[in-house]
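Visitor: Coordinates in my_file.cif, mmCIF, N, CA and C atoms, are listed below.
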```cif
data_input
#
loop_
_atom_site.label_atom_id
_atom_site.label_comp_id
_atom_site.auth_asym_id
_atom_site.auth_seq_id
_atom_site.Cartn_x
_atom_site.Cartn_y
_atom_site.Cartn_z
N MET A 265 9.28 -29.38 4.88
CA MET A 265 10.40 -28.57 4.44
C MET A 265 10.04 -27.07 4.48
N LEU A 266 8.91 -26.73 3.91
CA LEU A 266 8.49 -25.33 3.91
C LEU A 266 8.23 -24.84 5.32
N ASP A 267 7.68 -25.73 6.18
CA ASP A 267 7.43 -25.35 7.56
C ASP A 267 8.73 -25.00 8.28
N LYS A 268 9.76 -25.79 8.06
CA LYS A 268 11.05 -25.52 8.69
C LYS A 268 11.64 -24.20 8.19
N LEU A 269 11.50 -23.96 6.89
CA LEU A 269 12.02 -22.73 6.32
C LEU A 269 11.30 -21.52 6.91
N MET A 270 9.97 -21.60 6.98
CA MET A 270 9.19 -20.50 7.56
C MET A 270 9.55 -20.31 9.03
N GLU A 271 9.71 -21.41 9.75
CA GLU A 271 10.09 -21.33 11.16
C GLU A 271 11.42 -20.61 11.33
N LYS A 272 12.39 -20.94 10.48
CA LYS A 272 13.71 -20.30 10.54
C LYS A 272 13.61 -18.81 10.21
N MET A 273 12.78 -18.47 9.23
CA MET A 273 12.62 -17.07 8.85
C MET A 273 11.98 -16.28 9.99
N ILE A 274 10.98 -16.86 10.63
CA ILE A 274 10.31 -16.19 11.74
C ILE A 274 11.25 -16.03 12.91
N GLU A 275 12.03 -17.06 13.22
CA GLU A 275 13.00 -16.97 14.30
C GLU A 275 14.03 -15.89 14.02
N SER A 276 14.49 -15.82 12.79
CA SER A 276 15.48 -14.82 12.41
C SER A 276 14.91 -13.40 12.55
N ALA A 277 13.71 -13.22 12.04
CA ALA A 277 13.08 -11.89 12.13
C ALA A 277 12.82 -11.52 13.58
N THR A 278 12.37 -12.48 14.36
CA THR A 278 12.09 -12.22 15.77
C THR A 278 13.35 -11.82 16.52
N SER A 279 14.42 -12.55 16.30
CA SER A 279 15.66 -12.24 17.01
C SER A 279 16.23 -10.88 16.60
N ALA A 280 15.94 -10.46 15.39
CA ALA A 280 16.42 -9.16 14.94
C ALA A 280 15.61 -8.02 15.54
N TYR A 281 14.32 -8.23 15.73
CA TYR A 281 13.46 -7.14 16.18
C TYR A 281 13.22 -7.07 17.67
N ILE A 282 13.40 -8.16 18.39
CA ILE A 282 13.13 -8.16 19.84
C ILE A 282 13.95 -7.09 20.57
N PRO A 283 15.24 -6.96 20.34
CA PRO A 283 15.99 -5.91 21.05
C PRO A 283 15.45 -4.50 20.76
N LYS A 284 15.03 -4.26 19.52
CA LYS A 284 14.49 -2.95 19.17
C LYS A 284 13.16 -2.70 19.88
N VAL A 285 12.33 -3.74 19.94
CA VAL A 285 11.04 -3.60 20.61
C VAL A 285 11.25 -3.38 22.11
N GLU A 286 12.18 -4.11 22.70
CA GLU A 286 12.47 -3.93 24.12
C GLU A 286 12.99 -2.52 24.40
N GLU A 287 13.83 -2.02 23.53
CA GLU A 287 14.37 -0.66 23.69
C GLU A 287 13.25 0.38 23.60
N ARG A 288 12.35 0.21 22.65
CA ARG A 288 11.22 1.14 22.52
C ARG A 288 10.29 1.06 23.72
N ALA A 289 10.10 -0.14 24.24
CA ALA A 289 9.24 -0.31 25.42
C ALA A 289 9.83 0.42 26.63
N LYS A 290 11.14 0.32 26.80
CA LYS A 290 11.81 1.01 27.91
C LYS A 290 11.69 2.53 27.74
N ALA A 291 11.88 3.01 26.53
CA ALA A 291 11.78 4.44 26.27
C ALA A 291 10.35 4.93 26.52
N ARG A 292 9.38 4.15 26.09
CA ARG A 292 7.98 4.53 26.31
C ARG A 292 7.64 4.54 27.79
N LYS A 293 8.15 3.55 28.55
CA LYS A 293 7.93 3.49 29.99
C LYS A 293 8.50 4.74 30.66
N ALA A 294 9.70 5.13 30.28
CA ALA A 294 10.32 6.32 30.85
C ALA A 294 9.50 7.57 30.52
N GLU A 295 9.00 7.64 29.29
CA GLU A 295 8.18 8.77 28.88
C GLU A 295 6.90 8.85 29.72
N LEU A 296 6.26 7.71 29.92
CA LEU A 296 5.03 7.69 30.72
C LEU A 296 5.29 8.03 32.18
N GLU A 297 6.41 7.55 32.73
CA GLU A 297 6.75 7.90 34.11
C GLU A 297 6.99 9.39 34.25
N ASP A 298 7.64 9.98 33.26
CA ASP A 298 7.87 11.42 33.26
C ASP A 298 6.56 12.19 33.22
N MET A 299 5.64 11.75 32.38
CA MET A 299 4.33 12.40 32.29
C MET A 299 3.53 12.24 33.58
N LYS A 300 3.69 11.11 34.24
CA LYS A 300 2.99 10.89 35.51
C LYS A 300 3.39 11.94 36.54
N VAL A 301 4.67 12.27 36.60
CA VAL A 301 5.16 13.28 37.52
C VAL A 301 4.60 14.66 37.13
N LYS A 302 4.52 14.91 35.84
CA LYS A 302 4.10 16.22 35.36
C LYS A 302 2.59 16.44 35.46
N VAL A 303 1.83 15.40 35.73
CA VAL A 303 0.37 15.56 35.85
C VAL A 303 0.05 16.62 36.89
N ARG A 304 0.76 16.60 37.98
CA ARG A 304 0.50 17.58 39.06
C ARG A 304 1.37 18.83 38.94
N THR A 305 2.59 18.66 38.46
CA THR A 305 3.51 19.79 38.44
C THR A 305 3.35 20.68 37.21
N ASN A 306 2.95 20.10 36.08
CA ASN A 306 2.84 20.88 34.85
C ASN A 306 1.72 20.29 33.97
N PRO A 307 0.47 20.45 34.38
CA PRO A 307 -0.63 19.83 33.65
C PRO A 307 -0.78 20.32 32.20
N GLU A 308 -0.38 21.56 31.92
CA GLU A 308 -0.47 22.06 30.55
C GLU A 308 0.43 21.26 29.61
N GLN A 309 1.62 20.95 30.09
CA GLN A 309 2.55 20.17 29.28
C GLN A 309 2.01 18.76 29.04
N VAL A 310 1.37 18.20 30.03
CA VAL A 310 0.78 16.86 29.89
C VAL A 310 -0.34 16.90 28.85
N GLU A 311 -1.15 17.93 28.90
CA GLU A 311 -2.24 18.06 27.93
C GLU A 311 -1.68 18.19 26.51
N GLU A 312 -0.63 18.96 26.34
CA GLU A 312 0.02 19.09 25.03
C GLU A 312 0.56 17.74 24.55
N TRP A 313 1.15 16.99 25.47
CA TRP A 313 1.70 15.68 25.15
C TRP A 313 0.58 14.74 24.67
N PHE A 314 -0.54 14.74 25.40
CA PHE A 314 -1.67 13.92 24.99
C PHE A 314 -2.18 14.32 23.61
N ASP A 315 -2.25 15.61 23.35
CA ASP A 315 -2.69 16.08 22.04
C ASP A 315 -1.77 15.56 20.93
N LYS A 316 -0.46 15.58 21.17
CA LYS A 316 0.50 15.07 20.18
C LYS A 316 0.31 13.57 19.97
N GLU A 317 0.12 12.83 21.06
CA GLU A 317 -0.07 11.38 20.95
C GLU A 317 -1.35 11.05 20.18
N ILE A 318 -2.40 11.81 20.44
CA ILE A 318 -3.66 11.61 19.73
C ILE A 318 -3.49 11.92 18.24
N ASP A 319 -2.76 12.98 17.93
CA ASP A 319 -2.50 13.31 16.53
C ASP A 319 -1.72 12.20 15.83
N LYS A 320 -0.74 11.63 16.53
CA LYS A 320 0.02 10.52 15.94
C LYS A 320 -0.91 9.38 15.56
N LEU A 321 -1.82 9.03 16.46
CA LEU A 321 -2.75 7.93 16.19
C LEU A 321 -3.70 8.25 15.05
N GLN A 322 -4.12 9.48 14.96
CA GLN A 322 -5.04 9.87 13.89
C GLN A 322 -4.38 9.85 12.52
N ASN A 323 -3.07 10.00 12.49
CA ASN A 323 -2.35 10.07 11.23
C ASN A 323 -1.69 8.76 10.81
N ILE A 324 -1.98 7.68 11.52
CA ILE A 324 -1.41 6.38 11.16
C ILE A 324 -2.07 5.86 9.90
N ASP A 325 -1.26 5.41 8.97
CA ASP A 325 -1.75 4.80 7.74
C ASP A 325 -1.46 3.30 7.81
N ILE A 326 -2.46 2.54 8.25
CA ILE A 326 -2.29 1.10 8.45
C ILE A 326 -1.90 0.41 7.15
N LYS A 327 -2.48 0.81 6.03
CA LYS A 327 -2.16 0.18 4.74
C LYS A 327 -0.69 0.36 4.41
N GLU A 328 -0.15 1.55 4.69
CA GLU A 328 1.26 1.82 4.42
C GLU A 328 2.16 0.99 5.34
N ILE A 329 1.77 0.87 6.60
CA ILE A 329 2.54 0.06 7.54
C ILE A 329 2.59 -1.40 7.09
N MET A 330 1.45 -1.93 6.70
CA MET A 330 1.40 -3.33 6.25
C MET A 330 2.19 -3.51 4.95
N LYS A 331 2.12 -2.54 4.08
CA LYS A 331 2.88 -2.60 2.83
C LYS A 331 4.38 -2.66 3.12
N ASN A 332 4.83 -1.80 4.04
CA ASN A 332 6.26 -1.78 4.40
C ASN A 332 6.67 -3.05 5.13
N ALA A 333 5.77 -3.57 5.97
CA ALA A 333 6.09 -4.76 6.74
C ALA A 333 6.23 -5.99 5.85
N THR A 334 5.52 -6.01 4.75
CA THR A 334 5.53 -7.20 3.89
C THR A 334 6.35 -6.98 2.63
N ALA A 335 7.08 -5.89 2.54
CA ALA A 335 7.83 -5.54 1.33
C ALA A 335 8.87 -6.60 0.95
N GLY A 336 9.52 -7.19 1.92
CA GLY A 336 10.57 -8.15 1.62
C GLY A 336 10.11 -9.59 1.53
N ILE A 337 8.83 -9.81 1.67
CA ILE A 337 8.31 -11.19 1.65
C ILE A 337 7.93 -11.60 0.27
#
```
Would you encode the structure as C-alpha coordinates?
Guide:
Amino acid sequence: MLDKLMEKMIESATSAYIPKVEERAKARKAELEDMKVKVRTNPEQVEEWFDKEIDKLQNIDIKEIMKNATAGI
(Lines of atoms letter the chains of each structure in order from A and count residues from 1; the text may use other names and numbers.)
(Lines give C-alpha, C1' and ligand atoms only; values in the text may rest on other atoms or scores of the structure.)
Protein backbone atom coordinates (compact mmCIF):
# COMPACT_ATOMS: atom_id res chain seq x y z
CA MET A 1 0.00 0.00 0.00
CA LEU A 2 2.72 2.47 0.96
CA ASP A 3 4.70 1.50 -2.14
CA LYS A 4 1.75 2.34 -4.38
CA LEU A 5 1.23 5.65 -2.61
CA MET A 6 4.90 6.59 -2.97
CA GLU A 7 4.84 5.52 -6.62
CA LYS A 8 1.82 7.76 -7.28
CA MET A 9 3.48 10.69 -5.49
CA ILE A 10 6.68 10.27 -7.51
CA GLU A 11 4.74 10.00 -10.77
CA SER A 12 2.78 13.13 -9.90
CA ALA A 13 5.90 15.11 -9.00
CA THR A 14 7.70 13.88 -12.10
CA SER A 15 4.88 14.83 -14.44
CA ALA A 16 4.73 18.29 -12.89
CA TYR A 17 8.45 18.99 -13.20
CA ILE A 18 9.42 17.33 -16.50
CA PRO A 19 8.05 20.16 -18.69
CA LYS A 20 9.92 22.73 -16.58
CA VAL A 21 13.15 20.75 -16.78
CA GLU A 22 12.77 20.33 -20.54
CA GLU A 23 12.15 24.07 -20.93
CA ARG A 24 15.26 24.90 -18.88
CA ALA A 25 17.33 22.43 -20.90
CA LYS A 26 16.25 24.09 -24.15
CA ALA A 27 17.05 27.54 -22.79
CA ARG A 28 20.46 26.36 -21.58
CA LYS A 29 21.18 24.77 -24.98
CA ALA A 30 20.34 28.05 -26.72
CA GLU A 31 22.56 29.95 -24.30
CA LEU A 32 25.49 27.60 -24.94
CA GLU A 33 25.01 27.80 -28.72
CA ASP A 34 25.05 31.59 -28.47
CA MET A 35 28.27 31.50 -26.44
CA LYS A 36 29.83 29.11 -28.96
CA VAL A 37 29.36 31.72 -31.69
CA LYS A 38 30.75 34.46 -29.47
CA VAL A 39 33.96 32.55 -28.67
CA ARG A 40 35.49 33.93 -31.85
CA THR A 41 33.45 37.08 -32.37
CA ASN A 42 33.41 38.46 -28.82
CA PRO A 43 35.76 36.55 -26.49
CA GLU A 44 35.54 39.19 -23.74
CA GLN A 45 31.81 38.64 -23.43
CA VAL A 46 32.35 34.88 -23.25
CA GLU A 47 34.90 35.33 -20.48
CA GLU A 48 32.44 37.50 -18.53
CA TRP A 49 29.75 34.86 -19.01
CA PHE A 50 32.05 32.15 -17.67
CA ASP A 51 32.89 34.31 -14.67
CA LYS A 52 29.16 34.73 -13.91
CA GLU A 53 28.55 30.98 -14.25
CA ILE A 54 31.46 30.22 -11.93
CA ASP A 55 30.13 32.71 -9.39
CA LYS A 56 26.72 31.04 -9.51
CA LEU A 57 28.30 27.68 -8.70
CA GLN A 58 30.38 29.11 -5.88
CA ASN A 59 27.30 30.62 -4.26
CA ILE A 60 25.10 27.52 -4.32
CA ASP A 61 23.85 26.49 -0.89
CA ILE A 62 23.19 22.76 -1.19
CA LYS A 63 21.67 22.56 2.31
CA GLU A 64 19.14 25.26 1.41
CA ILE A 65 18.27 23.53 -1.86
CA MET A 66 17.68 20.22 -0.08
CA LYS A 67 15.65 21.94 2.62
CA ASN A 68 13.41 23.56 -0.02
CA ALA A 69 13.14 20.34 -2.02
CA THR A 70 11.93 18.37 0.99
CA ALA A 71 9.76 21.08 2.57
CA GLY A 72 6.46 19.51 1.53
CA ILE A 73 7.37 15.94 2.40
Visitor: Centre and edge lengths, as lines of an AutoDock Vina configuration file, for the axis-aligned box enclosing every listed atom of region 330-334 of chain A with 6 Å of padding on each of the six sides, in Å to one decimal?
Guide:
```
center_x = 4.0
center_y = -4.5
center_z = 4.7
size_x = 17.3
size_y = 17.4
size_z = 16.1
```
Visitor: May I ask for the distance between atom C of Asn323 (chain A) and CA of Val310 (chain A), given in Å to one decimal place?
Guide: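 Straight-line distance from atom C of Asn323 (chain A) to CA of Val310 (chain A) works out to 20.9 Å.
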Visitor: Please measure the separation of atom N of Thr278 (chain A) and atom N of Lys327 (chain A), giving the value in Å to one decimal.
Guide: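 These atoms are spaced 21.6 Å apart.
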Visitor: In Å to one decimal, how far is CA of Glu295 (chain A) from atom C of Lys316 (chain A)?
Guide: 12.8 Å
